[in-house]
Structures are given as C-alpha cells and as structure tokens.
Amino acid sequence: MDHLMAADGEKTSEPPALVPARMVNEFIYCPRLFHLEWVQSRFAISDDVEEGLYVHRVVDEASSDLPDPDEHLERFAGRKSRSFWLSSTELGLTAKLDIAEVDSAGLVVPVDYKKGAPDPHGKVWDTDRIQSLIQALLLRDAGYPVEQAEVWYNETRQRMTIDITDQTLSEVREVLIHLHEVASDPQPPRPLINSPKCPRCSLVGICMPDEITTLRPHEKPRPRRLLAADPDNRPVYVQEQGTVVGVRRGRLEVFKEGQTLASYRLIDVSQLCLQGNITVSPQAVRELMAREIPICWFSYGGWFAGMAQGLPGKNIDLRKSQFTITSEQQTAIASRMIEAKIRNGRTLLRRNSRNLPEHAPGQLLDLAKQAAEATAAPSLLGLEGAAARIYFSHFTSMFIPDPPVQTDRFDTNGRARRPPPDPVNALLSFLYSLLVKDITATLTMIGFDPYYGVYHRPRFGRPALSLDLAEEFRPIVADATVIQLVNNREIRAHHFLQKAGACQLTADGRKAVIGCYERRMAHEIKHPTFGYRVTYRRALDVQARILAAHLTGEIPEYTPFTTR
Amino acid sequence: MPRRRHLLAYDIADPRRLRRVCKIMEEFGQRIQYSVFISDLSRTELVHARAAVEDAMNLREDSVVIIDLGDPDTASITFVGRSRSLPSDKPQIV
C-alpha cells in the first residue's frame, strides 16, 4: 500500500506515517473534523467523549497477551486480551483494541466498546463498523485468522456482529485512500452543511460550520444555534501587592504573610492576571501551563507587560498564512476593522449621548464608508484619526449630568496616554490594556502570532495583531464599560490618585473597573452576523476564528463585528 | 454544557484513603461541613471527579454519595448556625 503514503508533489504537508483507527472513525463522521484533529492537532473536550472514556475504564486495564499466531489457537479458546496496540507500517495504520477474544474454532474476534447505542435502524454505526474492520485488518496482518468482529453498545447493552470479508475489507482500503488525500492538503475540507452531526460535535466551536458557510458567497445562510457553550471558567486577577500565588490540592491559592487570601478550583480558572509585585511559584507556573491557562503580567499602573503560556498553538498553517498574505490583503482587512471601529463608536454615541450635534453621526458614517474603501494604510490612518477626534470630542456627552468623577478635563485633554492626565483617560487606558490582554490570549490560543498585525506595525513588545482586532471592540466593550462605571456611580473620585500630572486608579478603583469589565464581557447580545445570542467574550473568540478562516482562505473576506 | 450543583459526601473507613479522597473533594468542591462538599460540575468534570474518587476508595468498605441539586442558580441551600461560603461565578479578584 505504498502508493497511499506517497506525498503529492503539489502539496506541502505530509501526514505522520501511522493513522490511528480512531482518526479513521472521525474521518467517516466528518472529513473536516478529521482534518482539524489529525492534521491541525486541535482538540476540545466534549461531555460525550469524556463519559465514553469513563465507560472504557473497564477495558483499559491491559491484561493477558494473545497467544502467538503460530500456536494452535483452539487450545486457547476463551482467552481474552484487553487494551493493546496493533500497528502495521504496511497498512499505515495503528489501533488500540479494547478486547480480542479467541473463540472455540481458534478464530480471533476483536470486540470494541462503545458508550452509546446502535443506529436508529438497530444496526452498527458506519463509523464503528469501519473501526472494527480496521482492527480485523490489523489482526489479519499480524497473522491471526479473523472472520468476525463485534461491537458492544453499553447504553443498550447489546453485542453486534460484523462479518469480515474481502469485500468489506476493500471498502476500508478505499476510505484510507480518500483519507490520505485529505490529510495531505493543508486546507481543511468544507464544513458539513446543515448536518445533524454538528450539534453533537465537540469541535463545533472551532470548526464553526454555520458561520463559515454563512460567510461564503453563493451559499444560503441558515441561522442555527450551534455555538459551543461559554466556558465555565473565568480569569483570576491578583492585585494585592506582596502576595504569593501557588497551587495546592488542585486549587489556585493566594497567600500573604502565611494567610490564605483566596482559593479557587483550577477548573474555574481561565487566566491568571497579575498586577504589580506578585510572586508565582514555579510549581504553579508549570501546573497552569499544563492546563493551558495563560499567565498575564501587568505593571502596577496597569500596563500589559507580558504573557506566559505553555506550548504555542499547533495551527502552523494559520501562522504561515498570517505571514504570507500580501499587503493589499492586509489593508483590506484593516480597512474593514477601522470601518467597524468608527461604526461602533457612532452607535455608542447615538445610543448614549445626551446632546449630540445632528451632523456628528453623519460625519462618522461618511468616514466609516471612506475607511471601508481605503486602499492604503496612510489614508486609513488619516481617516481613523479624523473619526477619533469627532468621537472623543463628544465622549463626555454620554455621561450623566452630575458624574461622580471629574469628566470635564477630558474635554480639554482629549484622549491622552502615558501617563493618562485625568480620570476618564485613566479608565480608558486601563480598560484597553484589559481588552488587549484578552485578545492576545485568544489569538495565541487559536494559533496566531499576536505580534504580527495587519494594520499596526510590528514594534518591540507590541502585540500588533491584538491591537488590530481590538479596534472594532474598543467602543462597545471598553468605552461602554467606562460609561457604565460613571453613569452607575460604580467609580468615585476617591478611586483616583493624582500625581505629577498623572492620574492613577487606586487598588479599590481597579477592582471596581475589573468587576465591571468582566460583567461586560459576560453580557449577552444578539450576534449581528449570525443572529444567535452570545457573550462579548465568545463574540471575540468567534471574530478571531473568522479572521483565521479568512487568512487560511476559507472565506473570501473578513467581516468585522458591528453592533446595530 | 452548563454546570449543575452537586452535593458530595463521603464515609471512608481507612485514614490513608480518607486523606486521598478528601484531597480530590477539595480539588472539585467547596467544603460546607466536615465530610460534605458542594460542587458545581459539568458532565465532564463530574466524570473526572468520579473516576478520581473511585481510584482512591475501596469500593467494598468506603462510600461516596453524589446528589444532583440541579441548576446552581435555583438550588436552595439553608444553613442553620455557622455557615460556609458557596461556590459563585462572580469575577475572581484578590
């Protein structure tokens, strides 16, 4: 079967030599799922899979070997061999057999354990059948006589039989040829369209079948609610100075002077964010990396200083396309992002402003339209700057008439950074760094290099791509949080310290801002493109994946996130 | 999958196994009484917790009870006397 393994000269990636039978099973279920898992090494935990593994605990304890195929197998009738691997370089396959039994006629029968039930017609599922055929093929390859295979369905407690014939085995060979074709293409196959398989698939949040199909031209959009549930875990922020963060008994614990200040289950932690002088134990760093929980460091003043994550994202084809797209493509993406930033700022003003001059929304709309048409980065910069001046000149009109913090100084200062001179600028700067932190973590997890952007130029220490993607979310996530903080009087004058022309948030102030920001991120909205309800946190993740799908050529253009 | 609130309680005959089971309980839940924990778990997390506890116990001598209390937002728990904090999904800020 050497021809199966031969790499096609046109194609760039070559799959590893042995394909596990489980991956063949995924391939039958959905070729795209197979590509995501096997070629791109992308996995997601699914309740069904984990419960399946639990059922497998019974057969996963390896015991007693099969007798040698040269022996008189009849003498070993009734012997069972559990949980062992069989491989064949000739077939290019490897499989873990749950059980292989020797029957009274001296034939070997592979038995596969399944958590679920047979298909609606009471037959063995196609995927399960192919997996059993592969096991039979491998047993035959090792010299054992095999004429039947069995599948055990745990839910209905049924044992089903499959006949092993030359015809059924040639079916497997055809599947393998097709599988190797798909595996050697760096681009994944198209998603299934309107398939009932998708809602139960663990990778639905990564594959995004409906979103990709909706954004492809000439394909009819049909909104479904397939989105993977929001994760249950949340970031942990530590800003109490002089504390030590450690991991003990599966919990993240924060100590100060021998006292435990807080203790969180590690399964509840999505990020560890440290502000100022906090120590993290090396054991904690390793445990967090093993669990793919990023650690984000901020200066005491709130500047996002860096991030540590375990191994980098495995999606190498995405990074490759990120670095090889043309500058025209980069500008095309950037122009849509800036268009969305201007539109979203305009929407925020129209919703919240108390005395917006009539001409302002019109001016912003014109600038947004021009930005969408821009073909060069310098003209885009000019349009963005013009829009920002209009937007920020009306920013304080969105606050209540007697705000709890001084806001009039923002009108004279305008948007100013490093250091922010007034409370409103201090809030904006702090929130932008929180937003950039979350976007950097999301981009890194998906497999992007956050330092190479499409609009912001690469410069030392600036996550340019995060700043790019942040543009469309700044008004609706960060700026909206400032309005909420001020108008709900969650932030007060005593939350700020004024020092040598710089305005800084106190520890209590930062706590209030983080709390409000996290609430905003957990806020549910109707997705403007896909129509389902999502949190801003998940919308951000979807946006990053749309960018990835565009860069790898799956969808023809980048569609930004714009609220109505 | 959304998490559900569970009450976990244990009776372990041997002090060594007791320490191991207790450690797993602390990893997955919040202690509300000496051998009683409250824990919000997804189906996957429940399977992991159960498998870990099963490995640590002697199934003939020890016992662990898992009671599903339903949606964490509506499960009603009353403390009489000294109370302990319950799991929350509020932002985690120290």
# chains A, B, ... in the order shown; residues from 1 in each chain; ligands from 1
call {"tool": "residues_around", "arguments": {"residues": "B:Ala52", "least_positions_apart": "3", "cutoff": "12 Å", "atoms": "only C-alpha atoms", "output": "PyMOL selection string"}}
result
(chain A and resi 54+57) or (chain B and resi 20-25+27-28+45-49+55-57+64)
call {"tool": "interface_residues", "arguments": {"of": "chain B", "to": "chain A", "cutoff": "6 Å", "atoms": "only C-alpha atoms", "output": "PyMOL selection string"}}
result
chain B and resi 23+27+43-44+92-94
call {"tool": "write_last_selection", "arguments": {"atoms": "N, CA, C and O atoms", "output": "compact mmCIF listing (two decimals), in the first residue's frame"}}
result
# COMPACT_ATOMS: atom_id res chain seq x y z
N LYS B 23 -8.64 15.06 49.51
CA LYS B 23 -7.86 15.90 48.61
C LYS B 23 -8.58 16.07 47.27
O LYS B 23 -8.65 17.17 46.71
N GLU B 27 -10.29 19.48 45.51
CA GLU B 27 -9.97 19.89 44.15
C GLU B 27 -11.25 20.24 43.37
O GLU B 27 -11.26 21.14 42.56
N ARG B 43 -20.81 17.86 33.05
CA ARG B 43 -20.83 16.40 32.92
C ARG B 43 -19.40 15.86 32.87
O ARG B 43 -19.08 14.86 33.52
N THR B 44 -18.53 16.55 32.10
CA THR B 44 -17.14 16.10 32.01
C THR B 44 -16.45 16.14 33.36
O THR B 44 -15.80 15.19 33.77
N GLN B 92 -13.28 36.89 39.80
CA GLN B 92 -12.39 36.46 40.87
C GLN B 92 -11.25 37.48 40.99
O GLN B 92 -10.32 37.45 40.21
N ILE B 93 -11.36 38.38 41.94
CA ILE B 93 -10.38 39.46 42.10
C ILE B 93 -9.84 39.43 43.53
O ILE B 93 -10.62 39.42 44.48
N VAL B 94 -8.52 39.39 43.68
CA VAL B 94 -7.92 39.46 45.01
C VAL B 94 -7.19 40.79 45.12
O VAL B 94 -6.30 41.05 44.33
call {"tool": "select_by_dssp", "arguments": {"residues": "chain B", "states": "strand (DSSP E)", "output": "list in words"}}
result
Arg4, Arg5, His6, Leu7, Leu8, Ala9, Tyr10, Asp11, Gln30, Arg31, Ile32, Gln33, Val36, Phe37, Ile38, Ser39, Asp40, Leu41, Ser63, Val64, Val65, Ile66, Ile67, Asp68, Leu69, Gly70, Gln92 and Ile93 of chain B
call {"tool": "atom_distance", "arguments": {"atom1": "atom CA of A:Arg79", "atom2": "atom CA of A:Val111"}}
result
12.8 Å
call {"tool": "residues_around", "arguments": {"residues": "A:Trp125", "least_positions_apart": "5", "cutoff": "12 Å", "atoms": "only C-alpha atoms", "output": "list of chain:residue names"}}
result
A:Asn25, A:Ile28, A:Tyr29, A:Lys114, A:Gly116, A:Ala117, A:Pro118, A:Asp119, A:Pro120, A:Ile130, A:Gln131, A:Ser132, A:Val151, A:Trp152, A:Tyr153, A:Met160, A:Thr161, A:Ile162
call {"tool": "closest_residue", "arguments": {"among": "A:Ala493, A:Ala95, A:Ala308, A:Val280", "to": "A:Gln406", "atoms": "only C-alpha atoms"}}
result
A:Ala493
call {"tool": "residues_around", "arguments": {"residues": "B:Ile38", "least_positions_apart": "5", "cutoff": "8 Å", "atoms": "only C-alpha atoms", "output": "VMD selection string"}}
result
chain B and resid 5 to 8 29 to 32 86 to 87
call {"tool": "write_last_selection", "arguments": {"atoms": "N, CA, C and O atoms", "output": "mmCIF file, in the first residue's frame"}}
result
data_model
loop_
_atom_site.group_PDB
_atom_site.id
_atom_site.type_symbol
_atom_site.label_atom_id
_atom_site.label_comp_id
_atom_site.auth_asym_id
_atom_site.auth_seq_id
_atom_site.Cartn_x
_atom_site.Cartn_y
_atom_site.Cartn_z
ATOM 1 N N ARG B 5 -25.268 21.920 40.152
ATOM 2 C CA ARG B 5 -24.749 21.909 41.529
ATOM 3 C C ARG B 5 -24.903 20.498 42.123
ATOM 4 O O ARG B 5 -25.950 19.859 41.955
ATOM 5 N N HIS B 6 -23.857 20.021 42.757
ATOM 6 C CA HIS B 6 -23.889 18.687 43.366
ATOM 7 C C HIS B 6 -23.503 18.751 44.826
ATOM 8 O O HIS B 6 -22.674 19.577 45.217
ATOM 9 N N LEU B 7 -24.117 17.868 45.615
ATOM 10 C CA LEU B 7 -23.683 17.688 46.989
ATOM 11 C C LEU B 7 -22.895 16.384 47.039
ATOM 12 O O LEU B 7 -23.355 15.358 46.552
ATOM 13 N N LEU B 8 -21.681 16.444 47.573
ATOM 14 C CA LEU B 8 -20.838 15.266 47.657
ATOM 15 C C LEU B 8 -20.559 14.983 49.130
ATOM 16 O O LEU B 8 -20.189 15.893 49.872
ATOM 17 N N GLY B 29 -14.565 20.597 44.848
ATOM 18 C CA GLY B 29 -15.703 21.229 45.503
ATOM 19 C C GLY B 29 -15.332 22.198 46.591
ATOM 20 O O GLY B 29 -14.166 22.504 46.815
ATOM 21 N N GLN B 30 -16.343 22.691 47.255
ATOM 22 C CA GLN B 30 -16.161 23.632 48.349
ATOM 23 C C GLN B 30 -16.710 22.986 49.598
ATOM 24 O O GLN B 30 -17.866 22.546 49.625
ATOM 25 N N ARG B 31 -15.905 22.925 50.654
ATOM 26 C CA ARG B 31 -16.335 22.218 51.864
ATOM 27 C C ARG B 31 -17.421 23.018 52.562
ATOM 28 O O ARG B 31 -17.283 24.216 52.776
ATOM 29 N N ILE B 32 -18.547 22.361 52.927
ATOM 30 C CA ILE B 32 -19.539 23.066 53.741
ATOM 31 C C ILE B 32 -19.684 22.421 55.111
ATOM 32 O O ILE B 32 -20.151 23.052 56.051
ATOM 33 N N LEU B 86 -20.626 29.478 49.579
ATOM 34 C CA LEU B 86 -20.996 28.567 48.492
ATOM 35 C C LEU B 86 -20.248 28.967 47.226
ATOM 36 O O LEU B 86 -19.790 30.103 47.106
ATOM 37 N N PRO B 87 -20.108 28.054 46.262
ATOM 38 C CA PRO B 87 -19.439 28.425 45.011
ATOM 39 C C PRO B 87 -20.164 29.586 44.332
ATOM 40 O O PRO B 87 -21.388 29.693 44.438
#
call {"tool": "residues_around", "arguments": {"residues": "A:Arg537", "least_positions_apart": "4", "cutoff": "8 Å", "atoms": "only C-alpha atoms", "output": "PyMOL selection string"}}
result
chain A and resi 521-522+541
call {"tool": "closest_residue", "arguments": {"among": "B:Gly70, B:Pro91, B:Gly81, B:Pro15", "to": "B:Pro2", "atoms": "only C-alpha atoms"}}
result
B:Gly70
call {"tool": "select_by_dssp", "arguments": {"residues": "stretch 323-489 of chain A", "states": "helix (DSSP H, G or I)", "output": "PyMOL selection string"}}
result
chain A and resi 323-324+327-352+359-373+377-393+395-398+408-413+423-446+464-487
call {"tool": "atom_distance", "arguments": {"atom1": "atom CA of A:Arg520", "atom2": "atom CA of A:Tyr536"}}
result
7.2 Å
call {"tool": "residues_around", "arguments": {"residues": "B:Ser83", "least_positions_apart": "4", "cutoff": "10 Å", "atoms": "only C-alpha atoms", "output": "PyMOL selection string"}}
result
chain B and resi 32-33+78-79
call {"tool": "atom_distance", "arguments": {"atom1": "atom CA of B:Ser85", "atom2": "atom CA of A:Ser270"}}
result
21.6 Å
